[in-house]
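**Student:** My structure is stored as my_file03.cif, with mmCIF, C-alpha atoms and all ligand atoms.
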```cif
data_work
#
loop_
_atom_site.label_atom_id
_atom_site.label_comp_id
_atom_site.auth_asym_id
_atom_site.auth_seq_id
_atom_site.Cartn_x
_atom_site.Cartn_y
_atom_site.Cartn_z
CA MET X 8 50.19 49.95 -13.68
CA THR X 9 46.74 49.68 -15.19
CA LEU X 10 44.33 46.79 -14.84
CA ASP X 11 45.38 45.69 -18.31
CA ASP X 12 49.02 45.59 -17.22
CA ALA X 13 48.00 43.37 -14.29
CA LYS X 14 46.10 41.06 -16.61
CA LYS X 15 49.12 40.85 -18.87
CA LEU X 16 51.32 39.91 -15.91
CA ASP X 17 48.84 37.16 -15.06
CA ARG X 18 48.89 35.87 -18.64
CA ASP X 19 52.68 35.66 -18.48
CA ASP X 20 52.69 33.90 -15.11
CA PRO X 21 53.59 30.20 -15.43
CA LEU X 22 51.77 29.42 -12.17
CA ALA X 23 48.54 31.17 -13.20
CA PRO X 24 46.78 27.88 -14.09
CA TYR X 25 46.92 26.83 -10.42
CA ARG X 26 44.35 29.48 -9.61
CA GLU X 27 41.69 27.26 -11.20
CA ARG X 28 42.60 24.37 -8.95
CA PHE X 29 41.10 26.09 -5.93
CA HIS X 30 37.57 26.88 -4.86
CA ARG X 31 37.04 30.46 -3.83
CA PRO X 32 34.15 32.31 -2.23
CA GLU X 33 32.13 34.00 -4.97
CA ASP X 34 32.70 37.65 -5.80
CA THR X 35 35.68 38.11 -3.55
CA VAL X 36 39.20 39.36 -3.82
CA TYR X 37 40.70 36.77 -1.51
CA LEU X 38 43.96 37.91 0.07
CA CYS X 39 43.71 35.95 3.30
CA GLY X 40 45.95 32.93 2.75
CA HIS X 41 47.93 33.98 5.82
CA SER X 42 44.86 33.15 7.90
CA LEU X 43 43.03 30.36 6.07
CA GLY X 44 44.15 29.10 2.69
CA LEU X 45 41.58 28.30 0.01
CA GLN X 46 40.31 24.79 -0.62
CA PRO X 47 42.13 22.78 -3.29
CA LYS X 48 39.58 21.21 -5.63
CA SER X 49 41.39 17.91 -5.11
CA ALA X 50 40.66 17.90 -1.37
CA ALA X 51 37.06 16.66 -1.45
CA ALA X 52 37.88 13.48 -3.40
CA LYS X 53 40.67 12.65 -0.98
CA VAL X 54 38.32 12.96 2.00
CA GLU X 55 35.53 11.06 0.24
CA GLU X 56 37.84 8.16 -0.53
CA GLU X 57 38.55 7.78 3.16
CA LEU X 58 34.86 8.00 4.06
CA ASP X 59 34.17 5.41 1.41
CA ASP X 60 36.94 3.05 2.58
CA TRP X 61 35.68 3.37 6.13
CA LYS X 62 32.14 2.61 4.92
CA ARG X 63 33.26 -0.46 2.97
CA MET X 64 36.00 -1.78 5.21
CA GLY X 65 35.49 -0.70 8.78
CA VAL X 66 38.50 -1.53 10.89
CA ARG X 67 40.13 -3.39 8.02
CA GLY X 68 40.88 0.00 6.46
CA HIS X 69 43.81 0.39 8.84
CA MET X 70 45.77 -1.97 6.59
CA GLY X 71 43.45 -2.40 3.61
CA ALA X 72 42.31 1.09 2.62
CA ARG X 73 43.56 2.49 -0.69
CA ARG X 74 45.87 4.52 1.49
CA PRO X 75 46.15 2.39 4.62
CA TRP X 76 45.39 4.44 7.72
CA MET X 77 48.03 2.86 9.90
CA PRO X 78 50.96 4.46 8.03
CA TYR X 79 48.84 7.28 6.50
CA HIS X 80 50.84 10.09 8.13
CA GLU X 81 53.97 8.71 6.44
CA LEU X 82 52.51 9.75 3.07
CA LEU X 83 52.88 13.37 4.15
CA ALA X 84 56.36 13.30 5.64
CA GLU X 85 58.42 13.56 2.48
CA LYS X 86 56.22 16.25 0.91
CA GLY X 87 56.04 18.24 4.13
CA ALA X 88 59.80 17.91 4.54
CA ARG X 89 60.41 19.37 1.10
CA VAL X 90 58.37 22.44 2.02
CA VAL X 91 60.52 23.20 5.06
CA GLY X 92 63.89 21.90 3.85
CA ALA X 93 64.12 18.85 6.07
CA MET X 94 64.63 15.12 5.85
CA PRO X 95 61.41 13.07 5.90
CA SER X 96 62.40 11.49 9.21
CA GLU X 97 62.65 14.97 10.74
CA VAL X 98 59.01 15.85 10.02
CA VAL X 99 55.76 14.50 11.38
CA HIS X 100 52.18 15.66 10.91
CA MET X 101 50.28 15.44 14.17
CA ASN X 102 47.96 17.34 16.53
CA THR X 103 47.46 21.05 16.09
CA LEU X 104 50.05 23.76 16.31
CA SER X 105 49.81 24.96 19.90
CA VAL X 106 49.80 21.36 21.09
CA ASN X 107 53.00 20.71 19.16
CA VAL X 108 54.60 23.84 20.61
CA HIS X 109 54.01 22.42 24.09
CA LEU X 110 55.18 18.92 23.17
CA LEU X 111 58.41 20.30 21.74
CA MET X 112 59.00 22.43 24.81
CA VAL X 113 58.59 19.42 27.04
CA SER X 114 61.68 18.06 25.32
CA PHE X 115 63.57 21.20 24.39
CA TYR X 116 62.93 23.63 27.23
CA ARG X 117 64.72 22.23 30.24
CA PRO X 118 65.50 25.21 32.44
CA THR X 119 68.02 25.27 35.26
CA PRO X 120 68.48 28.02 37.86
CA GLU X 121 71.34 29.40 35.75
CA ARG X 122 69.83 28.91 32.30
CA HIS X 123 66.10 29.43 32.29
CA LYS X 124 65.21 32.20 29.81
CA ILE X 125 63.12 31.94 26.66
CA LEU X 126 63.48 34.52 23.91
CA ILE X 127 60.40 35.36 21.84
CA GLU X 128 59.65 38.26 19.51
CA GLU X 129 57.58 41.38 20.04
CA HIS X 130 54.08 40.83 18.64
CA ALA X 131 54.52 37.07 18.98
CA PHE X 132 51.30 35.22 18.22
CA PRO X 133 49.33 35.12 21.49
CA SER X 134 49.24 31.32 21.61
CA ASP X 135 53.04 31.18 21.52
CA HIS X 136 53.26 33.84 24.21
CA TYR X 137 50.82 31.90 26.42
CA ALA X 138 52.61 28.64 25.71
CA VAL X 139 56.08 29.86 26.66
CA ALA X 140 54.85 31.78 29.73
CA SER X 141 52.96 28.73 30.94
CA GLN X 142 55.98 26.49 30.32
CA ILE X 143 58.12 28.86 32.35
CA ARG X 144 55.62 28.75 35.22
CA PHE X 145 55.24 24.98 34.88
CA HIS X 146 58.95 24.68 35.67
CA GLY X 147 58.60 26.93 38.71
CA PHE X 148 60.06 30.08 37.13
CA ASP X 149 58.50 33.48 36.62
CA PRO X 150 57.95 35.00 33.17
CA ALA X 151 58.94 38.35 34.68
CA ASP X 152 62.49 36.97 35.03
CA SER X 153 62.55 34.28 32.37
CA LEU X 154 60.74 35.70 29.36
CA VAL X 155 62.82 37.94 27.08
CA ILE X 156 61.11 39.80 24.24
CA VAL X 157 63.11 41.05 21.27
CA GLY X 158 61.76 43.95 19.22
CA LEU X 159 61.15 43.27 15.52
CA ASP X 160 63.63 46.01 14.65
CA GLU X 161 66.17 45.03 17.28
CA ASP X 162 69.29 43.02 16.53
CA VAL X 163 68.37 39.48 17.62
CA GLN X 164 71.99 38.37 17.74
CA GLU X 165 72.85 41.19 20.10
CA VAL X 166 70.04 40.17 22.44
CA ILE X 167 71.20 36.56 22.28
CA ASP X 168 74.72 37.69 23.22
CA ARG X 169 73.41 39.84 26.04
CA GLU X 170 71.42 36.96 27.58
CA GLY X 171 74.22 34.46 26.90
CA ASP X 172 74.43 31.69 29.47
CA ALA X 173 70.98 32.50 30.85
CA LEU X 174 69.28 31.71 27.57
CA ALA X 175 67.71 28.24 27.47
CA LEU X 176 65.54 28.53 24.36
CA VAL X 177 65.08 30.83 21.40
CA TRP X 178 61.50 30.46 20.18
CA LEU X 179 60.62 32.90 17.40
CA GLY X 180 57.90 33.11 14.82
CA GLY X 181 60.19 32.56 11.82
CA VAL X 182 57.81 34.83 9.94
CA ASN X 183 56.07 37.16 12.37
CA TYR X 184 52.29 36.97 12.00
CA TYR X 185 51.67 40.67 12.61
CA SER X 186 54.21 42.38 10.39
CA GLY X 187 55.21 39.60 8.03
CA HIS X 188 58.84 40.14 9.11
CA VAL X 189 61.10 37.16 8.25
CA PHE X 190 63.91 36.47 10.69
CA ASP X 191 67.35 35.36 9.53
CA MET X 192 66.78 31.87 10.86
CA ARG X 193 70.13 30.51 9.75
CA ALA X 194 72.08 33.22 11.59
CA ILE X 195 69.87 33.03 14.66
CA SER X 196 70.25 29.27 14.85
CA GLU X 197 74.02 29.54 14.63
CA HIS X 198 74.19 32.36 17.12
CA GLY X 199 71.80 30.74 19.60
CA HIS X 200 73.88 27.58 19.56
CA LYS X 201 77.03 29.61 20.22
CA VAL X 202 75.68 30.69 23.61
CA GLY X 203 74.43 27.17 24.33
CA ALA X 204 70.73 27.77 23.75
CA VAL X 205 68.26 25.51 21.95
CA VAL X 206 66.75 27.16 18.86
CA GLY X 207 63.23 26.54 17.58
CA PHE X 208 60.78 28.35 15.32
CA ASP X 209 57.04 28.60 14.97
CA LEU X 210 56.57 28.49 11.22
CA ALA X 211 52.81 28.98 10.99
CA HIS X 212 53.48 31.92 8.65
CA GLY X 213 56.62 30.47 7.13
CA ALA X 214 55.68 27.01 5.86
CA GLY X 215 54.55 27.20 2.24
CA ASN X 216 55.38 30.91 2.17
CA VAL X 217 59.14 31.43 2.28
CA PRO X 218 62.11 29.18 1.49
CA LEU X 219 63.22 27.20 4.52
CA ALA X 220 66.18 24.90 5.11
CA LEU X 221 65.60 23.71 8.65
CA HIS X 222 68.02 20.80 8.41
CA ASP X 223 70.93 22.76 6.96
CA TRP X 224 70.31 25.69 9.27
CA ASP X 225 70.72 23.24 12.12
CA VAL X 226 67.48 24.35 13.78
CA ASP X 227 66.68 22.13 16.78
CA CYS X 228 62.93 22.00 16.44
CA ALA X 229 59.97 23.72 14.78
CA ALA X 230 56.22 23.50 14.46
CA TRP X 231 53.68 24.85 12.01
CA CYS X 232 50.02 24.63 11.14
CA THR X 233 48.84 23.52 7.69
CA TYR X 234 45.75 25.69 7.26
CA LYS X 235 47.43 29.00 6.37
CA TYR X 236 49.70 29.00 3.30
CA LEU X 237 49.48 25.21 3.17
CA ASN X 238 45.74 25.17 2.42
CA GLY X 239 44.98 22.09 4.54
CA GLY X 240 41.56 23.27 5.77
CA PRO X 241 40.20 24.81 8.98
CA GLY X 242 41.88 23.30 12.03
CA SER X 243 43.83 20.85 9.87
CA VAL X 244 46.56 18.68 11.36
CA ALA X 245 49.78 20.54 12.17
CA ALA X 246 53.39 19.45 11.79
CA ALA X 247 56.58 19.33 13.80
CA PHE X 248 60.27 19.18 12.94
CA VAL X 249 62.93 17.64 15.14
CA HIS X 250 66.49 17.81 13.84
CA GLU X 251 68.17 14.52 13.01
CA ARG X 252 70.75 15.27 15.74
CA HIS X 253 68.03 14.58 18.28
CA ALA X 254 66.50 11.59 16.50
CA THR X 255 67.66 8.91 18.89
CA ARG X 256 68.45 10.88 22.04
CA ASP X 257 66.99 9.08 24.99
CA ASP X 258 68.08 11.72 27.49
CA LEU X 259 65.35 14.08 26.28
CA PRO X 260 62.21 13.95 28.36
CA ARG X 261 59.02 13.68 26.36
CA PHE X 262 55.33 13.07 26.78
CA ALA X 263 54.85 9.68 25.21
CA GLY X 264 51.94 7.97 23.52
CA TRP X 265 51.52 4.69 21.68
CA TRP X 266 51.78 6.22 18.21
CA GLY X 267 55.30 7.35 19.02
CA HIS X 268 56.26 3.81 20.02
CA ASP X 269 58.36 1.51 17.86
CA LYS X 270 56.19 0.27 15.00
CA GLU X 271 57.44 -3.32 15.17
CA THR X 272 56.28 -3.82 18.73
CA ARG X 273 53.44 -1.32 19.03
CA PHE X 274 50.77 -3.98 18.94
CA LYS X 275 52.49 -6.18 21.46
CA MET X 276 50.91 -3.60 23.76
CA GLY X 277 53.73 -3.79 26.30
CA PRO X 278 54.22 -1.26 29.09
CA GLU X 279 57.78 -0.24 28.11
CA PHE X 280 57.92 2.79 25.77
CA LYS X 281 60.45 2.61 22.95
CA ALA X 282 60.46 5.74 20.80
CA ILE X 283 60.49 5.62 17.00
CA PRO X 284 63.73 7.37 15.98
CA GLY X 285 63.06 10.85 14.56
CA ALA X 286 60.08 13.16 14.66
CA GLU X 287 57.55 10.32 14.56
CA GLY X 288 58.64 9.40 18.06
CA TRP X 289 56.88 12.52 19.34
CA GLN X 290 53.45 11.32 18.18
CA LEU X 291 50.86 10.53 20.80
CA SER X 292 47.73 9.30 19.07
CA ASN X 293 46.73 7.62 15.87
CA PRO X 294 46.05 10.58 13.58
CA PRO X 295 42.72 11.92 12.28
CA ILE X 296 42.66 10.55 8.75
CA LEU X 297 39.77 12.76 7.60
CA SER X 298 41.79 15.81 8.56
CA LEU X 299 45.04 14.56 7.06
CA ALA X 300 43.41 13.84 3.69
CA PRO X 301 43.05 17.49 2.58
CA VAL X 302 46.58 18.20 3.78
CA LEU X 303 47.84 15.38 1.56
CA ALA X 304 45.86 16.80 -1.38
CA SER X 305 47.43 20.19 -0.83
CA LEU X 306 50.97 18.94 -0.32
CA GLU X 307 50.74 17.06 -3.61
CA MET X 308 50.26 20.42 -5.30
CA PHE X 309 53.18 21.99 -3.43
CA ASP X 310 55.29 19.08 -4.58
CA GLU X 311 54.24 19.60 -8.15
CA VAL X 312 55.07 23.32 -8.13
CA GLY X 313 58.06 23.32 -5.79
CA MET X 314 58.98 26.06 -3.35
CA ASP X 315 61.51 27.63 -5.74
CA ALA X 316 58.98 28.39 -8.46
CA LEU X 317 56.47 29.47 -5.86
CA ARG X 318 58.93 31.85 -4.26
CA THR X 319 59.94 33.32 -7.60
CA LYS X 320 56.34 34.23 -8.30
CA SER X 321 55.72 35.35 -4.74
CA GLU X 322 58.57 37.85 -4.78
CA LYS X 323 57.30 39.35 -8.03
CA LEU X 324 53.73 39.50 -6.81
CA THR X 325 54.59 41.10 -3.49
CA ARG X 326 56.91 43.63 -5.14
CA TYR X 327 54.05 44.58 -7.48
CA PHE X 328 51.75 44.84 -4.45
CA GLU X 329 54.22 47.10 -2.68
CA GLU X 330 54.70 49.32 -5.74
CA LEU X 331 50.97 49.70 -6.24
CA ILE X 332 50.41 50.70 -2.62
CA GLY X 333 53.31 53.16 -2.89
CA ARG X 334 51.86 54.68 -6.03
CA GLU X 335 48.16 54.73 -5.18
CA LEU X 336 48.21 55.29 -1.45
CA ALA X 337 51.39 57.20 -0.63
CA GLY X 338 51.06 59.16 2.59
CA ARG X 339 47.83 57.42 3.52
CA VAL X 340 49.11 53.92 4.06
CA ASP X 341 52.43 52.87 5.54
CA ILE X 342 53.83 49.41 4.82
CA VAL X 343 54.89 47.91 8.16
CA THR X 344 56.44 44.84 6.51
CA PRO X 345 60.15 45.05 5.63
CA ARG X 346 60.97 46.20 2.10
CA GLU X 347 63.79 43.75 1.37
CA PRO X 348 62.43 40.63 -0.34
CA GLU X 349 64.55 38.30 1.83
CA ARG X 350 63.00 39.80 4.96
CA ARG X 351 59.38 39.19 4.00
CA GLY X 352 57.04 36.62 2.48
CA ALA X 353 53.71 37.07 0.73
CA GLN X 354 52.04 39.21 3.38
CA LEU X 355 52.02 42.98 3.56
CA SER X 356 50.83 44.66 6.75
CA LEU X 357 49.40 48.06 5.94
CA ARG X 358 49.09 50.73 8.59
CA ILE X 359 46.24 53.12 7.77
CA LEU X 360 47.53 56.60 8.51
CA THR X 361 44.55 58.77 7.65
CA GLY X 362 40.96 58.79 8.85
CA ASN X 363 39.22 55.84 10.40
CA GLY X 364 41.14 52.70 9.49
CA ARG X 365 38.50 50.37 10.82
CA ALA X 366 35.84 52.08 8.69
CA ALA X 367 38.07 51.69 5.63
CA PHE X 368 38.52 47.99 6.43
CA ASP X 369 34.75 47.56 6.80
CA ALA X 370 34.21 49.37 3.50
CA ILE X 371 36.61 47.14 1.55
CA SER X 372 35.10 44.04 3.19
CA ALA X 373 31.65 45.17 2.02
CA ARG X 374 33.07 45.29 -1.51
CA GLY X 375 34.25 41.69 -1.39
CA VAL X 376 37.84 42.06 -0.23
CA VAL X 377 38.82 39.28 2.17
CA CYS X 378 41.83 40.17 4.32
CA ASP X 379 42.03 40.99 8.02
CA TRP X 380 42.24 43.74 10.57
CA ARG X 381 44.59 43.90 13.54
CA GLU X 382 43.97 46.56 16.17
CA PRO X 383 44.61 49.40 16.30
CA ASP X 384 45.35 50.32 12.68
CA VAL X 385 46.73 47.46 10.57
CA ILE X 386 45.28 45.62 7.59
CA ARG X 387 47.02 42.35 6.77
CA ALA X 388 46.77 41.12 3.20
CA ALA X 389 48.67 38.32 1.50
CA ALA X 390 48.83 37.51 -2.17
CA ALA X 391 49.29 33.73 -1.96
CA PRO X 392 51.26 32.80 -5.06
CA LEU X 393 49.47 29.50 -5.69
CA TYR X 394 46.06 31.05 -6.27
CA ASN X 395 46.41 34.83 -6.29
CA GLY X 396 47.43 36.91 -9.25
CA PHE X 397 48.35 40.45 -10.19
CA GLU X 398 44.74 41.34 -10.97
CA ASP X 399 43.73 40.46 -7.40
CA VAL X 400 46.33 42.84 -6.06
CA HIS X 401 45.31 45.54 -8.51
CA ARG X 402 41.66 45.27 -7.53
CA PHE X 403 42.58 45.31 -3.85
CA ALA X 404 44.67 48.49 -4.16
CA ASN X 405 41.94 50.32 -6.04
CA ILE X 406 39.17 49.29 -3.68
CA LEU X 407 41.31 50.36 -0.71
CA LYS X 408 42.09 53.68 -2.39
CA ASP X 409 38.37 54.37 -2.86
CA ALA X 410 37.65 53.44 0.73
CA ILE X 411 40.29 55.76 2.13
CA ALA X 412 39.55 58.70 -0.17
C1 LIG R 1 48.11 30.74 13.42
C2 LIG R 1 49.10 30.63 14.50
C3 LIG R 1 48.86 29.84 15.63
C4 LIG R 1 47.56 29.12 15.82
O1 LIG R 1 47.65 28.04 16.66
P1 LIG R 1 46.65 26.81 16.59
O2 LIG R 1 47.14 25.91 17.62
O3 LIG R 1 46.70 26.27 15.19
O4 LIG R 1 45.27 27.33 16.86
C5 LIG R 1 49.87 29.74 16.58
N1 LIG R 1 51.04 30.39 16.44
C6 LIG R 1 51.29 31.17 15.36
C7 LIG R 1 52.61 31.87 15.22
C8 LIG R 1 50.34 31.33 14.37
O5 LIG R 1 50.56 32.11 13.32
#
```
Show this structure as structure tokens.

**Tutor:**
Amino acid sequence: MTLDDAKKLDRDDPLAPYRERFHRPEDTVYLCGHSLGLQPKSAAAKVEEELDDWKRMGVRGHMGARRPWMPYHELLAEKGARVVGAMPSEVVHMNTLSVNVHLLMVSFYRPTPERHKILIEEHAFPSDHYAVASQIRFHGFDPADSLVIVGLDEDVQEVIDREGDALALVWLGGVNYYSGHVFDMRAISEHGHKVGAVVGFDLAHGAGNVPLALHDWDVDCAAWCTYKYLNGGPGSVAAAFVHERHATRDDLPRFAGWWGHDKETRFKMGPEFKAIPGAEGWQLSNPPILSLAPVLASLEMFDEVGMDALRTKSEKLTRYFEELIGRELAGRVDIVTPREPERRGAQLSLRILTGNGRAAFDAISARGVVCDWREPDVIRAAAAPLYNGFEDVHRFANILKDAIA
């Protein structure tokens, strides 16, 4: 497993040319796609075209721009849907992630005195934890009674069975941000439904990382950001999934806005809200075009490559990563992330067992490694298959080995 071997693996990698289609900070080993994906070189032109159309056309750009702004978000639906295994009408790009989590809960968390609990995972992303706890309180319940936390190594189905009739909503990070653990979303969806619960996932770490089939898995709802594996840019517009089964339900409460209103009559400006069937009906505002443009640029690339090819490379790359860590750092670093490929994505979470982990992290950062640190002792690093290669991983492992020695 020499540097030459790594370079050979890169030469044999059919996706290697995509590396050159991204900008990257100079002199870095960038393994931080789980936090902020790199900028596709095609993003700037997409944004500039919108700035230019706005400059030339003003308000007329809504209908007259090269990509008319009025239906602009529709350009992303099909591509976004392919990434998560959904129908285009089940996916909408809107708002940012935590906002979408709340909007979905308005519709899909409807507690009663008998059924009021929400199940989340241990080490859930703080925003999700805050969101569900505040939703519970908003409905007059107490997180102490209504919030159930399942351990990452616990049997989720067993916990679902135990809570049974009391469980209103299962809301898990489909891929946990801390450990990179991938839940068996299909089984959880089926099992949650068996006890009468609604099942949703936060896919911030799943979308663009692992294969998803939200429609076939019969998931009720999901939300994800587009700035991690999806490379949409800092704070880029997020997405939401609502299963077709709920597309035309008018018994679901929702927070409504004019962009979710029937397109035919939107500009009649009447007071009566009529939802667009499907995920688009959850929109509130006309979307930020300048922030959607880089997402479109990125999704075009995902479409070109396809999640299957991406996953094939990702599994290889992460296995190589795991083997290198095992060989070079045995006894000094423990891999927190599951070992089975189907239970993980691109990210490995590395627990530093010896010496001062924080000092080691600072040392590798000083040598150009970009990854991140989670207290008290974990380094998270992801080899994003679109723009990372085997040489990146090799360099990372050797720099880390020096830092720990
Ligand atoms: C990254 C991430 C977020 C971030 O939320 P924003 O609203 O985009 O700031 C939320 N939840 C999870 C699980 C995440 O990984």

**Student:** Identify the residues around (45.8, 20.0, -3.7) within a radius of 9 Å, measuring from all atoms listed in the file in the coordinates stated by the file, and give them as number ranges by chain.

**Tutor:** X: 28-29, 46-50, 238-239, 301-309

**Student:** Extract, using only C-alpha atoms, all DNA, RNA and protein residues at most 10 Å from Gly285 of chain X, discarding same-chain residues fewer than 6 positions from it, and format them as a PyMOL selection string.

**Tutor:** chain X and resi 94-99+248-256+267

**Student:** Kindly compile the residues surrounding ligand LIG 1 (chain R) within 6 Å, counting only C-alpha atoms and all ligand atoms, and format them as a list in words.

**Tutor:**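 Every residue with an atom at most 6 Å from ligand LIG 1 (chain R) is listed here: Thr103, Leu104, Ser105, Phe132, Ser134, Asp135, Gly180, Tyr184, Asp209, Ala211, His212 and Cys232 of chain X.
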
**Student:** How about saving the chosen residues, C-alpha atoms kept, as an mmCIF file, keeping the file's coordinate frame?

**Tutor:**
```cif
data_model
loop_
_atom_site.group_PDB
_atom_site.id
_atom_site.type_symbol
_atom_site.label_atom_id
_atom_site.label_comp_id
_atom_site.auth_asym_id
_atom_site.auth_seq_id
_atom_site.Cartn_x
_atom_site.Cartn_y
_atom_site.Cartn_z
ATOM 1 C CA THR X 103 47.460 21.050 16.090
ATOM 2 C CA LEU X 104 50.050 23.760 16.310
ATOM 3 C CA SER X 105 49.810 24.960 19.900
ATOM 4 C CA PHE X 132 51.300 35.220 18.220
ATOM 5 C CA SER X 134 49.240 31.320 21.610
ATOM 6 C CA ASP X 135 53.040 31.180 21.520
ATOM 7 C CA GLY X 180 57.900 33.110 14.820
ATOM 8 C CA TYR X 184 52.290 36.970 12.000
ATOM 9 C CA ASP X 209 57.040 28.600 14.970
ATOM 10 C CA ALA X 211 52.810 28.980 10.990
ATOM 11 C CA HIS X 212 53.480 31.920 8.650
ATOM 12 C CA CYS X 232 50.020 24.630 11.140
#
```

**Student:** Per residue of segment 171-288 of chain X within 8 Å of segment 79-90 of chain X, which atom pair is closest and at what distance in Å (one decimal), using only C-alpha atoms, listed by chain and increasing number, as a Markdown table?

**Tutor:**
```
| residue | atom | partner | partner_atom | distance |
| --- | --- | --- | --- | --- |
| X:Ala214 | CA | X:Val90 | CA | 6.5 |
| X:Gly215 | CA | X:Val90 | CA | 6.1 |
| X:Pro218 | CA | X:Val90 | CA | 7.7 |
| X:Leu219 | CA | X:Val90 | CA | 7.2 |
```

**Student:** In Å, with one decimal, what is the gap from atom CA of Ala247 of chain X to atom CA of Tyr116 of chain X?

**Tutor:**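 These two atoms are separated by 15.5 Å.
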
**Student:** Find the spatial neighbours of Asp172 of chain X, counting all atoms listed in the file, within a cut-off of 10 Å - ignore same-chain residues fewer than 3 positions away - and output them as JSON, numbers by chain.

**Tutor:** {"X": [121, 122, 123, 124, 167, 168, 169, 175, 201, 202, 203, 204]}

**Student:** Filtering to C-alpha atoms, could you give me those residues as a compact mmCIF listing (two decimals), in the coordinates of the input?

**Tutor:**
```txt
# COMPACT_ATOMS: atom_id res chain seq x y z
CA GLU X 121 71.34 29.40 35.75
CA ARG X 122 69.83 28.91 32.30
CA HIS X 123 66.10 29.43 32.29
CA LYS X 124 65.21 32.20 29.81
CA ILE X 167 71.20 36.56 22.28
CA ASP X 168 74.72 37.69 23.22
CA ARG X 169 73.41 39.84 26.04
CA ALA X 175 67.71 28.24 27.47
CA LYS X 201 77.03 29.61 20.22
CA VAL X 202 75.68 30.69 23.61
CA GLY X 203 74.43 27.17 24.33
CA ALA X 204 70.73 27.77 23.75
```

**Student:** Determine, counting all atoms listed in the file, which protein, DNA and RNA residues have an atom within 9 Å of an atom of segment 136-141 of chain X; residues of the same chain fewer than 4 positions away are not included. Present the result as a VMD selection string.

**Tutor:** chain X and resid 105 108 to 109 112 125 127 130 to 132 145 to 146 149 to 150 153 to 154 178

**Student:** Would you please work out which residue, of X:Val66, X:Ala353, X:Leu58, X:Leu360, is nearest to Thr319 of chain X when using only C-alpha atoms?

**Tutor:**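 Selected residue with least distance to Thr319 of chain X: X:Ala353.
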
**Student:** Tell me which of X:Ile342, X:Val166, X:Val91, X:Ala391 sits closest to Asp223 of chain X, counting all atoms listed in the file.

**Tutor:**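 Smallest distance to Asp223 of chain X is found for X:Val91.
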
**Student:** In terms of the shortest atom-to-atom distance over all atoms listed in the file, which of X:Ser196, X:Gln142, X:Asn395, X:Thr325 is closest to Tyr25 of chain X?

**Tutor:**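 For Tyr25 of chain X, the nearest of the given residues is X:Asn395.
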
**Student:** Taking into account only C-alpha atoms, which residue in the set X:Thr35, X:Met276, X:Tyr234, X:Arg117 is nearest to Asp258 of chain X?

**Tutor:**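 Using only C-alpha atoms, Asp258 of chain X sits closest to X:Arg117.
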
**Student:** Which residue, X:Arg193, X:Lys14, X:Arg346, X:Arg358, has the smallest gap to Gln164 of chain X when you use all atoms listed in the file?

**Tutor:**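 Among the listed residues, X:Arg193 lies closest to Gln164 of chain X.
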
**Student:** Closest to Ile371 of chain X among X:His198, X:Arg339, X:Lys408, X:His100, using all atoms listed in the file?

**Tutor:**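 Among X:His198, X:Arg339, X:Lys408, X:His100, it is X:Lys408 that comes nearest to Ile371 of chain X.
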
**Student:** Using atom CA of Ser356 of chain X and atom CA of Val312 of chain X as the two end points, give the distance in Å to one decimal.

**Tutor:**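 Atom CA of Val312 of chain X lies at a distance of 26.4 Å from atom CA of Ser356 of chain X.
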
**Student:** Atom CA of Ser321 of chain X and atom CA of Arg334 of chain X are how many Å apart?

**Tutor:**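 The value is 19.8 Å.
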
**Student:** Residues near Val244 of chain X, anyone? I mean within 7 Å using all atoms listed in the file, not counting same-chain ones fewer than 2 positions away, as a list in words.

**Tutor:**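 In the requested format, the answer is His100, Met101, Asn102, Thr103, Cys232, Thr233, Gly242, Ala246, Ser298 and Leu299 of chain X.
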
**Student:** Write a file of the just-selected residues containing C-alpha atoms, as a JSON list (two decimals), in the frame of the given file.

**Tutor:**
```
[["chain", "number", "residue", "atom", "x", "y", "z"],
["X", 100, "HIS", "CA", 52.18, 15.66, 10.91],
["X", 101, "MET", "CA", 50.28, 15.44, 14.17],
["X", 102, "ASN", "CA", 47.96, 17.34, 16.53],
["X", 103, "THR", "CA", 47.46, 21.05, 16.09],
["X", 232, "CYS", "CA", 50.02, 24.63, 11.14],
["X", 233, "THR", "CA", 48.84, 23.52, 7.69],
["X", 242, "GLY", "CA", 41.88, 23.30, 12.03],
["X", 246, "ALA", "CA", 53.39, 19.45, 11.79],
["X", 298, "SER", "CA", 41.79, 15.81, 8.56],
["X", 299, "LEU", "CA", 45.04, 14.56, 7.06]]
```

**Student:** Each side padded by 3 Å, which centre and which edge lengths in Å (one decimal) define the axis-aligned box around the listed atoms of segment 222-237 of chain X? Give them as JSON.

**Tutor:**
```
{"center_x": 58.3, "center_y": 24.9, "center_z": 10.0, "size_x": 31.2, "size_y": 14.2, "size_z": 19.6}
```
